[in-house]
Each structure stands twice: as structure tokens, then as C-alpha cells.
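K.L.:
Got a structure for you, start03.cif, holding mmCIF, C-alpha atoms.
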data_entry
loop_
_atom_site.group_PDB
_atom_site.id
_atom_site.type_symbol
_atom_site.label_atom_id
_atom_site.label_comp_id
_atom_site.auth_asym_id
_atom_site.auth_seq_id
_atom_site.Cartn_x
_atom_site.Cartn_y
_atom_site.Cartn_z
ATOM 1 C CA MET I 186 0.000 0.000 0.000
ATOM 2 C CA SER I 187 1.331 3.444 -0.906
ATOM 3 C CA THR I 188 2.467 5.685 1.920
ATOM 4 C CA GLN I 189 2.487 8.847 -0.162
ATOM 5 C CA LYS I 190 0.401 11.653 1.261
ATOM 6 C CA ILE I 191 -1.602 14.229 -0.634
ATOM 7 C CA THR I 192 -1.552 17.786 0.586
ATOM 8 C CA LEU I 193 -1.621 21.371 -0.576
ATOM 9 C CA PRO I 194 -1.670 23.940 2.225
ATOM 10 C CA PRO I 195 -2.349 27.580 1.359
ATOM 11 C CA VAL I 196 0.583 29.976 1.432
ATOM 12 C CA SER I 197 -0.816 32.465 3.913
ATOM 13 C CA LYS I 198 -3.789 33.108 6.158
ATOM 14 C CA GLN I 199 -5.475 36.220 7.463
ATOM 15 C CA ARG I 200 -8.705 36.070 9.435
ATOM 16 C CA THR I 201 -11.257 38.698 8.510
ATOM 17 C CA GLU I 202 -14.701 39.573 9.808
ATOM 18 C CA ASN I 203 -18.044 39.385 8.057
ATOM 19 C CA ILE I 204 -18.656 42.798 6.492
ATOM 20 C CA GLY I 205 -21.943 41.972 4.760
ATOM 21 C CA GLU I 206 -22.434 40.455 1.299
ATOM 22 C CA ASP I 207 -19.578 41.453 -0.935
ATOM 23 C CA LEU I 208 -18.453 40.890 -4.491
ATOM 24 C CA PRO I 209 -14.780 40.206 -3.888
ATOM 25 C CA PRO I 210 -12.466 41.856 -6.439
ATOM 26 C CA ASN I 211 -11.214 38.448 -7.571
ATOM 27 C CA ILE I 212 -14.754 37.430 -8.575
ATOM 28 C CA LEU I 213 -15.249 40.686 -10.432
ATOM 29 C CA SER I 214 -11.853 40.423 -12.125
ATOM 30 C CA VAL I 215 -12.656 37.103 -13.822
ATOM 31 C CA GLY I 216 -15.853 38.557 -15.271
ATOM 32 C CA ALA I 217 -18.369 36.269 -13.561
ATOM 33 C CA LYS I 218 -20.888 39.091 -13.245
ATOM 34 C CA ALA I 219 -21.239 39.221 -17.041
ATOM 35 C CA LYS I 220 -22.577 35.654 -17.015
ATOM 36 C CA TRP I 221 -24.937 36.387 -14.118
ATOM 37 C CA GLN I 222 -26.378 39.328 -16.046
ATOM 38 C CA LYS I 223 -27.291 36.888 -18.830
ATOM 39 C CA GLY I 224 -29.034 34.655 -16.301
ATOM 40 C CA TYR I 225 -26.322 32.024 -15.886
ATOM 41 C CA TYR I 226 -25.340 31.087 -12.343
ATOM 42 C CA GLY I 227 -24.255 27.469 -12.821
ATOM 43 C CA LYS I 228 -27.714 26.289 -11.769
ATOM 44 C CA GLY I 229 -28.038 22.534 -11.583
ATOM 45 C CA VAL I 230 -24.402 21.850 -12.458
ATOM 46 C CA VAL I 231 -23.110 19.361 -9.905
ATOM 47 C CA THR I 232 -19.530 20.006 -8.829
ATOM 48 C CA ALA I 233 -17.645 17.632 -6.548
ATOM 49 C CA ILE I 234 -15.111 19.319 -4.272
ATOM 50 C CA ILE I 235 -12.453 16.893 -3.013
ATOM 51 C CA ASP I 236 -10.875 18.573 -0.013
ATOM 52 C CA THR I 237 -11.055 18.837 3.791
ATOM 53 C CA GLY I 238 -14.849 18.837 3.881
ATOM 54 C CA CYS I 239 -17.103 21.841 4.366
ATOM 55 C CA ASP I 240 -18.846 23.897 7.019
ATOM 56 C CA THR I 241 -22.277 22.593 6.049
ATOM 57 C CA ASN I 242 -24.084 25.178 8.175
ATOM 58 C CA HIS I 243 -22.348 28.188 6.679
ATOM 59 C CA PRO I 244 -25.021 30.663 5.489
ATOM 60 C CA ASP I 245 -23.292 31.108 2.135
ATOM 61 C CA LEU I 246 -22.955 27.374 1.461
ATOM 62 C CA LYS I 247 -25.635 25.294 3.164
ATOM 63 C CA GLU I 248 -28.297 25.695 0.473
ATOM 64 C CA GLY I 249 -25.936 24.599 -2.295
ATOM 65 C CA ILE I 250 -24.737 21.329 -0.725
ATOM 66 C CA ILE I 251 -26.629 18.375 -2.170
ATOM 67 C CA GLY I 252 -24.602 15.528 -0.700
ATOM 68 C CA GLY I 253 -21.222 14.285 0.385
ATOM 69 C CA HIS I 254 -19.060 11.514 1.775
ATOM 70 C CA ASN I 255 -16.259 11.291 4.316
ATOM 71 C CA PHE I 256 -13.237 9.216 3.276
ATOM 72 C CA THR I 257 -11.104 10.081 6.318
ATOM 73 C CA GLU I 258 -10.889 8.653 9.819
ATOM 74 C CA GLU I 259 -12.236 11.875 11.299
ATOM 75 C CA HIS I 260 -15.677 11.930 12.912
ATOM 76 C CA ASN I 261 -15.057 8.281 13.893
ATOM 77 C CA SER I 262 -14.910 7.387 10.197
ATOM 78 C CA ASP I 263 -18.616 8.168 9.850
ATOM 79 C CA ALA I 264 -19.029 8.435 6.068
ATOM 80 C CA SER I 265 -22.035 10.732 6.441
ATOM 81 C CA ILE I 266 -20.199 13.466 8.396
ATOM 82 C CA ILE I 267 -18.383 15.827 6.018
ATOM 83 C CA GLU I 268 -17.701 18.695 8.423
ATOM 84 C CA ASP I 269 -14.493 20.604 7.801
ATOM 85 C CA LEU I 270 -12.023 20.789 10.699
ATOM 86 C CA ASN I 271 -9.380 22.696 8.715
ATOM 87 C CA GLY I 272 -11.141 25.450 6.752
ATOM 88 C CA HIS I 273 -9.471 24.849 3.389
ATOM 89 C CA GLY I 274 -12.392 23.031 1.781
ATOM 90 C CA THR I 275 -14.888 25.552 3.097
ATOM 91 C CA HIS I 276 -12.854 28.377 1.583
ATOM 92 C CA VAL I 277 -12.692 26.626 -1.793
ATOM 93 C CA ALA I 278 -16.457 26.030 -1.724
ATOM 94 C CA GLY I 279 -17.182 29.720 -1.113
ATOM 95 C CA THR I 280 -15.090 30.919 -4.044
ATOM 96 C CA LEU I 281 -16.734 28.353 -6.282
ATOM 97 C CA ALA I 282 -20.368 28.681 -5.252
ATOM 98 C CA GLY I 283 -20.964 31.162 -2.432
ATOM 99 C CA ALA I 284 -24.666 32.044 -2.505
ATOM 100 C CA ILE I 285 -26.384 35.298 -3.405
ATOM 101 C CA ASN I 286 -28.288 35.785 -0.156
ATOM 102 C CA LYS I 287 -27.635 39.374 0.972
ATOM 103 C CA THR I 288 -24.924 38.319 3.401
ATOM 104 C CA GLY I 289 -21.272 37.293 3.233
ATOM 105 C CA ILE I 290 -19.696 36.777 -0.190
ATOM 106 C CA VAL I 291 -20.674 35.507 -3.627
ATOM 107 C CA GLY I 292 -18.827 32.787 -5.540
ATOM 108 C CA VAL I 293 -18.202 32.471 -9.257
ATOM 109 C CA ALA I 294 -21.142 30.080 -9.771
ATOM 110 C CA PRO I 295 -23.614 30.810 -6.964
ATOM 111 C CA GLY I 296 -26.217 28.459 -8.440
ATOM 112 C CA ALA I 297 -24.010 25.374 -8.674
ATOM 113 C CA ASP I 298 -24.751 22.266 -6.611
ATOM 114 C CA LEU I 299 -21.929 21.008 -4.399
ATOM 115 C CA LEU I 300 -21.035 17.404 -3.637
ATOM 116 C CA ILE I 301 -18.599 17.555 -0.719
ATOM 117 C CA LEU I 302 -16.055 14.730 -0.700
ATOM 118 C CA LYS I 303 -13.866 14.835 2.390
ATOM 119 C CA ALA I 304 -10.514 13.190 1.579
ATOM 120 C CA LEU I 305 -8.224 15.381 3.700
ATOM 121 C CA ASN I 306 -8.097 15.652 7.491
ATOM 122 C CA LYS I 307 -7.761 18.651 9.791
ATOM 123 C CA GLU I 308 -4.012 18.740 9.093
ATOM 124 C CA GLY I 309 -4.708 19.072 5.363
ATOM 125 C CA THR I 310 -3.278 15.657 4.533
ATOM 126 C CA GLY I 311 -4.730 12.395 3.285
ATOM 127 C CA SER I 312 -3.947 9.211 1.423
ATOM 128 C CA ILE I 313 -3.885 8.576 -2.304
ATOM 129 C CA GLN I 314 -6.360 5.781 -1.651
ATOM 130 C CA ALA I 315 -8.842 8.251 -0.158
ATOM 131 C CA LEU I 316 -8.399 10.580 -3.131
ATOM 132 C CA ILE I 317 -8.995 7.769 -5.620
ATOM 133 C CA LYS I 318 -12.058 6.587 -3.705
ATOM 134 C CA ALA I 319 -13.408 10.135 -3.774
ATOM 135 C CA ILE I 320 -12.904 10.372 -7.533
ATOM 136 C CA ASP I 321 -14.650 7.030 -8.055
ATOM 137 C CA TYR I 322 -17.489 8.147 -5.784
ATOM 138 C CA ALA I 323 -17.944 11.273 -7.889
ATOM 139 C CA ILE I 324 -18.050 9.173 -11.060
ATOM 140 C CA ASP I 325 -20.702 6.806 -9.694
ATOM 141 C CA TRP I 326 -22.805 9.354 -7.784
ATOM 142 C CA ARG I 327 -26.379 9.959 -8.899
ATOM 143 C CA GLY I 328 -28.790 12.498 -7.507
ATOM 144 C CA GLU I 329 -32.490 12.059 -6.763
ATOM 145 C CA ASN I 330 -33.282 12.945 -10.361
ATOM 146 C CA GLN I 331 -30.326 11.007 -11.772
ATOM 147 C CA GLU I 332 -28.110 14.095 -11.835
ATOM 148 C CA GLN I 333 -24.455 13.356 -12.405
ATOM 149 C CA VAL I 334 -21.247 15.101 -11.404
ATOM 150 C CA ARG I 335 -20.028 17.330 -14.243
ATOM 151 C CA ILE I 336 -16.961 18.858 -12.562
ATOM 152 C CA ILE I 337 -14.418 17.690 -9.993
ATOM 153 C CA SER I 338 -12.477 20.443 -8.227
ATOM 154 C CA VAL I 339 -9.202 19.272 -6.646
ATOM 155 C CA SER I 340 -7.105 21.765 -4.687
ATOM 156 C CA LEU I 341 -4.451 19.311 -3.504
ATOM 157 C CA GLY I 342 -1.667 17.211 -4.928
ATOM 158 C CA LEU I 343 1.476 15.128 -4.672
ATOM 159 C CA LYS I 344 4.897 15.601 -6.223
ATOM 160 C CA LYS I 345 5.238 12.189 -7.837
ATOM 161 C CA HIS I 346 3.194 10.566 -10.576
ATOM 162 C CA ASN I 347 0.925 7.795 -9.358
ATOM 163 C CA GLU I 348 -0.451 5.382 -11.950
ATOM 164 C CA LYS I 349 -3.570 4.446 -9.980
ATOM 165 C CA LEU I 350 -4.405 8.109 -9.507
ATOM 166 C CA HIS I 351 -3.856 8.769 -13.201
ATOM 167 C CA LYS I 352 -6.207 5.931 -14.116
ATOM 168 C CA ALA I 353 -8.857 7.352 -11.795
ATOM 169 C CA ILE I 354 -8.547 10.737 -13.494
ATOM 170 C CA LYS I 355 -8.916 9.080 -16.897
ATOM 171 C CA ARG I 356 -12.027 7.257 -15.687
ATOM 172 C CA ALA I 357 -13.553 10.547 -14.611
ATOM 173 C CA VAL I 358 -12.833 12.243 -17.929
ATOM 174 C CA ASN I 359 -14.131 9.200 -19.835
ATOM 175 C CA ASN I 360 -17.359 9.609 -17.861
ATOM 176 C CA ASP I 361 -17.818 13.182 -19.117
ATOM 177 C CA ILE I 362 -16.428 14.889 -16.001
ATOM 178 C CA ILE I 363 -14.155 17.914 -16.247
ATOM 179 C CA VAL I 364 -11.369 17.671 -13.666
ATOM 180 C CA VAL I 365 -9.970 21.015 -12.500
ATOM 181 C CA ALA I 366 -6.874 20.869 -10.287
ATOM 182 C CA SER I 367 -4.312 23.228 -8.787
ATOM 183 C CA SER I 368 -0.807 23.379 -10.213
ATOM 184 C CA GLY I 369 0.800 23.529 -6.746
ATOM 185 C CA ASN I 370 2.580 25.982 -4.463
ATOM 186 C CA ASP I 371 6.199 24.952 -5.074
ATOM 187 C CA GLY I 372 7.020 27.816 -7.440
ATOM 188 C CA ASP I 373 10.335 29.660 -7.308
ATOM 189 C CA GLY I 374 9.080 32.911 -8.809
ATOM 190 C CA SER I 375 10.487 32.163 -12.251
ATOM 191 C CA LEU I 376 8.568 31.114 -15.343
ATOM 192 C CA LYS I 377 11.761 29.615 -16.768
ATOM 193 C CA THR I 378 11.642 26.651 -14.414
ATOM 194 C CA ASP I 379 8.959 23.978 -14.248
ATOM 195 C CA GLU I 380 7.341 22.557 -11.129
ATOM 196 C CA PHE I 381 4.731 19.806 -11.088
ATOM 197 C CA ARG I 382 2.032 18.472 -8.786
ATOM 198 C CA TYR I 383 -0.350 15.636 -9.565
ATOM 199 C CA PRO I 384 -3.149 15.259 -10.578
ATOM 200 C CA GLY I 385 -2.864 18.821 -11.895
ATOM 201 C CA ALA I 386 0.010 17.970 -14.235
ATOM 202 C CA TYR I 387 -1.873 15.199 -16.039
ATOM 203 C CA LYS I 388 -2.842 16.214 -19.564
ATOM 204 C CA GLU I 389 -6.454 15.155 -18.993
ATOM 205 C CA VAL I 390 -6.815 17.767 -16.245
ATOM 206 C CA GLN I 391 -7.461 21.496 -16.457
ATOM 207 C CA GLN I 392 -4.419 22.649 -14.497
ATOM 208 C CA VAL I 393 -4.753 26.009 -12.732
ATOM 209 C CA GLY I 394 -1.978 28.411 -11.771
ATOM 210 C CA ALA I 395 -2.316 31.530 -9.628
ATOM 211 C CA ILE I 396 -1.955 35.174 -10.552
ATOM 212 C CA ASP I 397 -1.656 38.126 -8.198
ATOM 213 C CA LYS I 398 -4.650 40.334 -8.963
ATOM 214 C CA ASP I 399 -2.998 43.295 -7.204
ATOM 215 C CA HIS I 400 0.002 43.083 -9.511
ATOM 216 C CA ALA I 401 -1.632 41.726 -12.667
ATOM 217 C CA PRO I 402 -0.523 40.165 -14.895
ATOM 218 C CA ASP I 403 2.133 38.815 -12.512
ATOM 219 C CA VAL I 404 2.088 35.119 -11.748
ATOM 220 C CA ALA I 405 1.988 34.611 -7.977
ATOM 221 C CA TYR I 406 5.487 33.962 -6.673
ATOM 222 C CA PHE I 407 4.463 30.620 -5.138
ATOM 223 C CA SER I 408 2.574 29.257 -8.147
ATOM 224 C CA ASN I 409 3.905 26.209 -9.933
ATOM 225 C CA THR I 410 4.528 26.971 -13.599
ATOM 226 C CA ASN I 411 4.964 24.609 -16.514
ATOM 227 C CA ASP I 412 3.890 24.344 -20.141
ATOM 228 C CA GLU I 413 0.857 22.243 -19.170
ATOM 229 C CA VAL I 414 -0.829 24.912 -17.017
ATOM 230 C CA ASP I 415 -4.070 25.548 -18.892
ATOM 231 C CA VAL I 416 -5.309 28.698 -17.197
ATOM 232 C CA TYR I 417 -4.353 31.136 -14.470
ATOM 233 C CA ALA I 418 -6.794 32.716 -12.023
ATOM 234 C CA PRO I 419 -6.589 34.929 -8.919
ATOM 235 C CA GLY I 420 -4.874 33.181 -6.024
ATOM 236 C CA VAL I 421 -3.487 35.861 -3.692
ATOM 237 C CA SER I 422 -5.435 37.142 -0.664
ATOM 238 C CA ILE I 423 -8.690 35.550 -1.768
ATOM 239 C CA TYR I 424 -11.564 36.432 0.558
ATOM 240 C CA SER I 425 -14.023 33.587 1.057
ATOM 241 C CA THR I 426 -15.955 31.459 3.518
ATOM 242 C CA SER I 427 -14.371 29.908 6.600
ATOM 243 C CA LEU I 428 -15.348 27.796 9.586
ATOM 244 C CA ASP I 429 -18.104 28.707 12.038
ATOM 245 C CA GLY I 430 -19.867 30.913 9.519
ATOM 246 C CA GLU I 431 -16.902 33.250 9.250
ATOM 247 C CA PHE I 432 -14.726 34.560 6.403
ATOM 248 C CA ARG I 433 -11.010 34.866 5.794
ATOM 249 C CA SER I 434 -8.398 35.540 3.144
ATOM 250 C CA LEU I 435 -6.136 32.744 1.924
ATOM 251 C CA SER I 436 -3.496 32.494 -0.791
ATOM 252 C CA GLY I 437 -2.472 29.567 -2.968
ATOM 253 C CA THR I 438 -3.191 27.806 -6.229
ATOM 254 C CA SER I 439 -5.851 26.062 -4.133
ATOM 255 C CA MET I 440 -7.676 29.384 -4.148
ATOM 256 C CA ALA I 441 -7.256 29.894 -7.900
ATOM 257 C CA THR I 442 -8.727 26.485 -8.767
ATOM 258 C CA PRO I 443 -12.362 27.087 -7.693
ATOM 259 C CA HIS I 444 -12.483 30.210 -9.873
ATOM 260 C CA VAL I 445 -11.971 27.951 -12.887
ATOM 261 C CA ALA I 446 -14.251 25.176 -11.619
ATOM 262 C CA GLY I 447 -16.974 27.774 -11.063
ATOM 263 C CA ALA I 448 -16.368 29.213 -14.527
ATOM 264 C CA VAL I 449 -16.824 25.758 -16.041
ATOM 265 C CA ALA I 450 -20.169 25.444 -14.217
ATOM 266 C CA LEU I 451 -21.323 28.756 -15.710
ATOM 267 C CA LEU I 452 -20.191 27.747 -19.182
ATOM 268 C CA ILE I 453 -21.863 24.336 -19.031
ATOM 269 C CA GLU I 454 -25.185 25.949 -18.104
ATOM 270 C CA GLU I 455 -24.858 28.650 -20.751
ATOM 271 C CA TYR I 456 -23.694 26.609 -23.716
ATOM 272 C CA GLU I 457 -25.911 23.610 -23.094
ATOM 273 C CA TYR I 458 -28.842 26.022 -23.021
ATOM 274 C CA ILE I 459 -27.691 27.636 -26.258
ATOM 275 C CA LEU I 460 -27.071 24.337 -28.044
ATOM 276 C CA PHE I 461 -29.893 22.437 -26.328
ATOM 277 C CA ARG I 462 -27.689 19.386 -25.789
ATOM 278 C CA LYS I 463 -25.032 18.004 -23.479
ATOM 279 C CA LEU I 464 -21.481 19.081 -24.264
ATOM 280 C CA SER I 465 -18.570 16.663 -24.376
ATOM 281 C CA THR I 466 -15.541 17.229 -22.171
ATOM 282 C CA GLU I 467 -13.574 18.243 -25.288
ATOM 283 C CA GLU I 468 -16.181 20.873 -26.147
ATOM 284 C CA ILE I 469 -16.255 22.216 -22.603
ATOM 285 C CA MET I 470 -12.462 22.536 -22.527
ATOM 286 C CA ALA I 471 -12.577 24.370 -25.864
ATOM 287 C CA VAL I 472 -15.243 26.764 -24.578
ATOM 288 C CA LEU I 473 -13.212 27.373 -21.417
ATOM 289 C CA ARG I 474 -10.153 28.223 -23.503
ATOM 290 C CA GLU I 475 -12.241 30.733 -25.452
ATOM 291 C CA HIS I 476 -13.015 32.382 -22.120
ATOM 292 C CA THR I 477 -9.371 33.059 -21.378
ATOM 293 C CA THR I 478 -7.180 35.824 -22.644
ATOM 294 C CA PRO I 479 -3.471 35.546 -23.534
ATOM 295 C CA VAL I 480 -1.231 37.644 -21.327
ATOM 296 C CA ARG I 481 2.500 38.126 -21.785
ATOM 297 C CA VAL I 482 4.345 37.951 -18.500
ATOM 298 C CA GLY I 483 7.673 39.703 -18.940
ATOM 299 C CA LYS I 484 9.739 38.270 -21.762
ATOM 300 C CA GLU I 485 9.484 34.724 -20.555
ATOM 301 C CA ARG I 486 6.067 33.304 -21.347
ATOM 302 C CA VAL I 487 2.526 33.951 -22.519
ATOM 303 C CA ILE I 488 -0.081 32.631 -20.097
ATOM 304 C CA ARG I 489 -3.851 32.382 -20.408
ATOM 305 C CA SER I 490 -5.883 34.217 -17.777
ATOM 306 C CA LEU I 491 -9.522 33.424 -16.979
ATOM 307 C CA GLN I 492 -11.826 36.081 -18.426
ATOM 308 C CA LEU I 493 -15.556 35.418 -18.661
ATOM 309 C CA ASP I 494 -16.800 38.848 -19.709
ATOM 310 C CA GLN I 495 -16.221 38.713 -23.448
ATOM 311 C CA GLU I 496 -18.298 37.711 -26.473
ATOM 312 C CA HIS I 497 -17.490 34.612 -28.466
ATOM 313 C CA VAL I 498 -18.154 33.175 -31.888
ATOM 314 C CA LEU I 499 -20.632 30.548 -30.730
ATOM 315 C CA GLU I 500 -22.736 33.092 -28.860
ATOM 316 C CA LYS I 501 -22.815 35.375 -31.893
ATOM 317 C CA LYS I 502 -23.828 32.537 -34.203
ATOM 318 C CA GLU I 503 -26.700 31.579 -31.931
ATOM 319 C CA ASP I 504 -27.917 35.180 -31.795
ATOM 320 C CA LYS I 505 -28.365 35.396 -35.576
#
Starting from the coordinates I provided, produce the structure as C-alpha cells.
P.N.:
Amino acid sequence: MSTQKITLPPVSKQRTENIGEDLPPNILSVGAKAKWQKGYYGKGVVTAIIDTGCDTNHPDLKEGIIGGHNFTEEHNSDASIIEDLNGHGTHVAGTLAGAINKTGIVGVAPGADLLILKALNKEGTGSIQALIKAIDYAIDWRGENQEQVRIISVSLGLKKHNEKLHKAIKRAVNNDIIVVASSGNDGDGSLKTDEFRYPGAYKEVQQVGAIDKDHAPDVAYFSNTNDEVDVYAPGVSIYSTSLDGEFRSLSGTSMATPHVAGAVALLIEEYEYILFRKLSTEEIMAVLREHTTPVRVGKERVIRSLQLDQEHVLEKKEDK
């Protein structure tokens, strides 16, 4: 049995108080509001978050949680208890799908449904076996109306390739699930060097790096960079939900990842409405790429930054 551990702690923490419902600048910067104004909130798009669990009573999250499973030994290994004892998973959930409810914050896809899969403990660590079981659970899960998981958001990783993990990722993608994963926080501040974390580095995954919204278009100093990073999103001082109904700012590629997962939820709702059919994973990835913009960072590399507030060919064709 493998003894490798999966983990991806955020770079920094800063507790903040609830100041009333807010549109955080990171949410505004990726253009999510443009999709909301068209009536797209990610409604009905089931997204599995594999992380430390979630504060299921948080006012900004409780209405969006439709199920979950605990794969850790916490809560006496009770599979039905998905409560977060760390805060990381709760923070990710808020950025992805914080509700519009006149309090707290709003996430990228406030209408998305969340399946909370607790694979990490209060220390932010877990086993590869737990991660694989969580992925398989997401693949097999069915809702009351036979809903299926469309997106898996994974803000964690390990430094070495693992074949069983890779096969699980392939199974998910072959079952029409988009897997969005963080690139990792091992960056050295240079785009000339490559750093990898898995499953983010697998070609089947939408790998997410972090940018510093206060110094755009700078890549965050801690963000892993490599040629396989598909999209960059805000990941520095991200204000989102925390334990006990509170809010805090965290930094890391973990924080960038739910921006992209939420964007995918918006795009699935929008484009499947436009086309009146289910999109393949290849089509969804193509649509996501169309909702990024190329940005030159110094003289070293051109990256693609998430940008939802722009018109695209498909939308224009459908409007004719």
C-alpha cells in the first residue's frame, strides 16, 4: 500500500470579519458578473469538491450542498459526516459557489450544486487511496433525479506521478467529467523553471496556476509553472468562507482552482442552453479556452488568464 500523502496547504492566512455580502475583487476580475447578467449562475451543475470537507451550516454554502461523503478517519470514520475541521475546503467552496443571499460573499457560480467529498483531514493531509475513492465516488454518484457530477475540483496534490491516480482521473474524464486541479505551491518565482504536482500535471486535467490580482498580470510567486498549465486565475489574498460561519483571506493555487471550476459550471449551463444538448468534455475545454485571454508575463512566457466577460463566436452565431 502506498504511503504517499496528498496535501496542498495555502501559502498564507489572514482572518477577517463578516462585512456583509460582498463581491470580492477576484470574482469581479474574472468577469463572472457578465454571465450572471445573462441569467447564468451554474444552476443545476453538480460540482464535486475533493478537499477537507465543508462547514455545512455556513449561510453562504448550506443551500448549495446536495450531498457528500467522508473518506477520512475523522468523525469516527462516519461516512455521512463531512464537516471541515481545517477550513481549506470551506474556503474553496465559497469561491466556487458562495450564494447570493444578501450576506457574506458571492462565488463564481452561486447556483451550482456542491457534492462535498472529504478526503483530507484537519491537518490538510490524506492518502492517495482516499483521493482515488473520492474520484470514483464522484463518477458513480447519482442524484435524486439522476443528476451526475459534471466537474471535480481538486485543490491538492502530490509531487510524484501515481499510476492508480492517473487511471482514476482518466475514468472521470471518460465519464464526461471535467477535472480542474491546482498546479501547486512549489514555485520559485520564475517562469523559466517547471514545477509539477499531480493530478494537476496530467494532460487530462485542467491545471490552474495563480496570478496576483494586485500586480496583474504577474504570476503569484508561489505558483507552480509549466507548459501544461491551462489557465491562471486569482490566487493571492482571496476572501471567502471559513469555519463557524466566518470569512477569511487565503493564498495559494488552491484558491485559484475554484475560480476555474466555477467558470466551467457557468459555461456548461450557458452553452448547453444555447445548443440544447449536453457538451462533451472536449467541447467544454474548448469553450473554457475561449473564455481566457493571452497575457504576456515579462519576456518569458505567454499565459492564459480566466476572463468570462467577453463575447465569443458561438454566442454570436446563436444570436443570428
K.L.:
Would you compute the distance between atom CA of I:Phe432 and atom CA of I:His276? Give it in Å to one decimal.
P.N.:
8.1 Å
K.L.:
Calculated over all atoms listed in the file, which of the candidates I:Ser422, I:Pro384, I:Ala441, I:Arg481 has the smallest distance to I:Ser408?
P.N.:
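Ranking I:Ser422, I:Pro384, I:Ala441, I:Arg481 by distance to I:Ser408, first place goes to I:Ala441.
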K.L.:
As a check of understanding, name the residues that the PyMOL selection byres ((chain I and resi 274) around 8) selects in the supplied structure, as a PyMOL selection string.
P.N.:
chain I and resi 234-239+269+271-273+275-278
K.L.:
If you count only C-alpha atoms, which residues fall within 7 Å of stretch 369-380 of chain I, apart from same-chain ones fewer than 2 positions away, as an NGL selection string?
P.N.:
:I and (193 or 367 or 382 or 406-411 or 437-438 or 485-486)
K.L.:
Which residue out of I:Gln391, I:Thr442, I:Ser427, I:Thr241 has the minimum interatomic distance to I:Leu341 when only C-alpha atoms are used?
P.N.:
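Of I:Gln391, I:Thr442, I:Ser427, I:Thr241, the one nearest I:Leu341, counting only C-alpha atoms, is I:Thr442.
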K.L.:
Just give me the gap between atom CA of I:His346 and atom CA of I:Phe381 in Å, one decimal is fine.
P.N.:
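Atom CA of I:His346 sits 9.4 Å away from atom CA of I:Phe381.
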K.L.:
Between atom CA of I:Ser490 and atom CA of I:Ala323, what is the spacing in Å?
P.N.:
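One can read the atom CA of I:Ala323 to atom CA of I:Ser490 distance as 27.7 Å.
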K.L.:
Identify the residues around (-22.9, 28.7, -20.7) within a radius of 12 Å, measuring from all atoms listed in the file in the coordinates stated by the file, and give them as a short mmCIF file (atom, residue, chain, number, x, y, z; two decimals) with C-alpha atoms, in the frame of the given file.
P.N.:
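Final output, selection01.cif:
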data_model
loop_
_atom_site.label_atom_id
_atom_site.label_comp_id
_atom_site.auth_asym_id
_atom_site.auth_seq_id
_atom_site.Cartn_x
_atom_site.Cartn_y
_atom_site.Cartn_z
CA ALA I 217 -18.37 36.27 -13.56
CA ALA I 219 -21.24 39.22 -17.04
CA LYS I 220 -22.58 35.65 -17.02
CA TRP I 221 -24.94 36.39 -14.12
CA LYS I 223 -27.29 36.89 -18.83
CA GLY I 224 -29.03 34.66 -16.30
CA TYR I 225 -26.32 32.02 -15.89
CA TYR I 226 -25.34 31.09 -12.34
CA GLY I 227 -24.26 27.47 -12.82
CA LYS I 228 -27.71 26.29 -11.77
CA VAL I 230 -24.40 21.85 -12.46
CA ALA I 294 -21.14 30.08 -9.77
CA GLY I 447 -16.97 27.77 -11.06
CA ALA I 448 -16.37 29.21 -14.53
CA VAL I 449 -16.82 25.76 -16.04
CA ALA I 450 -20.17 25.44 -14.22
CA LEU I 451 -21.32 28.76 -15.71
CA LEU I 452 -20.19 27.75 -19.18
CA ILE I 453 -21.86 24.34 -19.03
CA GLU I 454 -25.18 25.95 -18.10
CA GLU I 455 -24.86 28.65 -20.75
CA TYR I 456 -23.69 26.61 -23.72
CA GLU I 457 -25.91 23.61 -23.09
CA TYR I 458 -28.84 26.02 -23.02
CA ILE I 459 -27.69 27.64 -26.26
CA LEU I 460 -27.07 24.34 -28.04
CA PHE I 461 -29.89 22.44 -26.33
CA ARG I 462 -27.69 19.39 -25.79
CA LYS I 463 -25.03 18.00 -23.48
CA LEU I 464 -21.48 19.08 -24.26
CA GLU I 468 -16.18 20.87 -26.15
CA ILE I 469 -16.26 22.22 -22.60
CA VAL I 472 -15.24 26.76 -24.58
CA LEU I 473 -13.21 27.37 -21.42
CA GLU I 475 -12.24 30.73 -25.45
CA HIS I 476 -13.02 32.38 -22.12
CA LEU I 493 -15.56 35.42 -18.66
CA ASP I 494 -16.80 38.85 -19.71
CA GLU I 496 -18.30 37.71 -26.47
CA HIS I 497 -17.49 34.61 -28.47
CA LEU I 499 -20.63 30.55 -30.73
CA GLU I 500 -22.74 33.09 -28.86
#
K.L.:
Taking the file as shown, find all residues satisfying the PyMOL selection byres ((chain I and resi 387) around 12) and write them as a VMD selection string.
P.N.:
chain I and resid 342 to 348 350 to 355 358 364 to 368 381 to 386 388 to 393 411 to 415
K.L.:
For the PyMOL selection byres ((chain I and resi 420) around 9), applied here, can you spell out every residue it catches as a ChimeraX atom specification?
P.N.:
/I:211,394-398,405,408,417-419,421-423,435-442
K.L.:
I'd like the contact shell of I:Val291 - 9 Å cut-off, only C-alpha atoms, skipping same-chain residues fewer than 4 positions apart - returned as a ChimeraX atom specification.
P.N.:
/I:206-209,212,245,279-286,295,425
K.L.:
Check the smallest atom-to-atom distance from each of I:Val293, I:Leu316, I:Ile301, I:Val487 to I:Ile266 using all atoms listed in the file, then report the winner.
P.N.:
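Checking each of I:Val293, I:Leu316, I:Ile301, I:Val487 against I:Ile266, counting all atoms listed in the file, the winner is I:Ile301.
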K.L.:
Of the candidates I:Asp325, I:Asp263, I:Glu258, I:Glu332, which one gets nearest to I:Gly229 if we count only C-alpha atoms?
P.N.:
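Ranking I:Asp325, I:Asp263, I:Glu258, I:Glu332 by distance to I:Gly229, first place goes to I:Glu332.
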K.L.:
Taking into account only C-alpha atoms, which residue in the set I:Leu246, I:Ile363, I:Leu213, I:Ala319 is nearest to I:Asp298?
P.N.:
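Between I:Leu246, I:Ile363, I:Leu213, I:Ala319, the residue approaching I:Asp298 most closely is I:Leu246.
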K.L.:
Would you mind telling me which residue in I:Ile250, I:Leu270, I:Val416, I:Ala233 lies nearest to I:Trp326 when using all atoms listed in the file?
P.N.:
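Selected residue with least distance to I:Trp326: I:Ala233.
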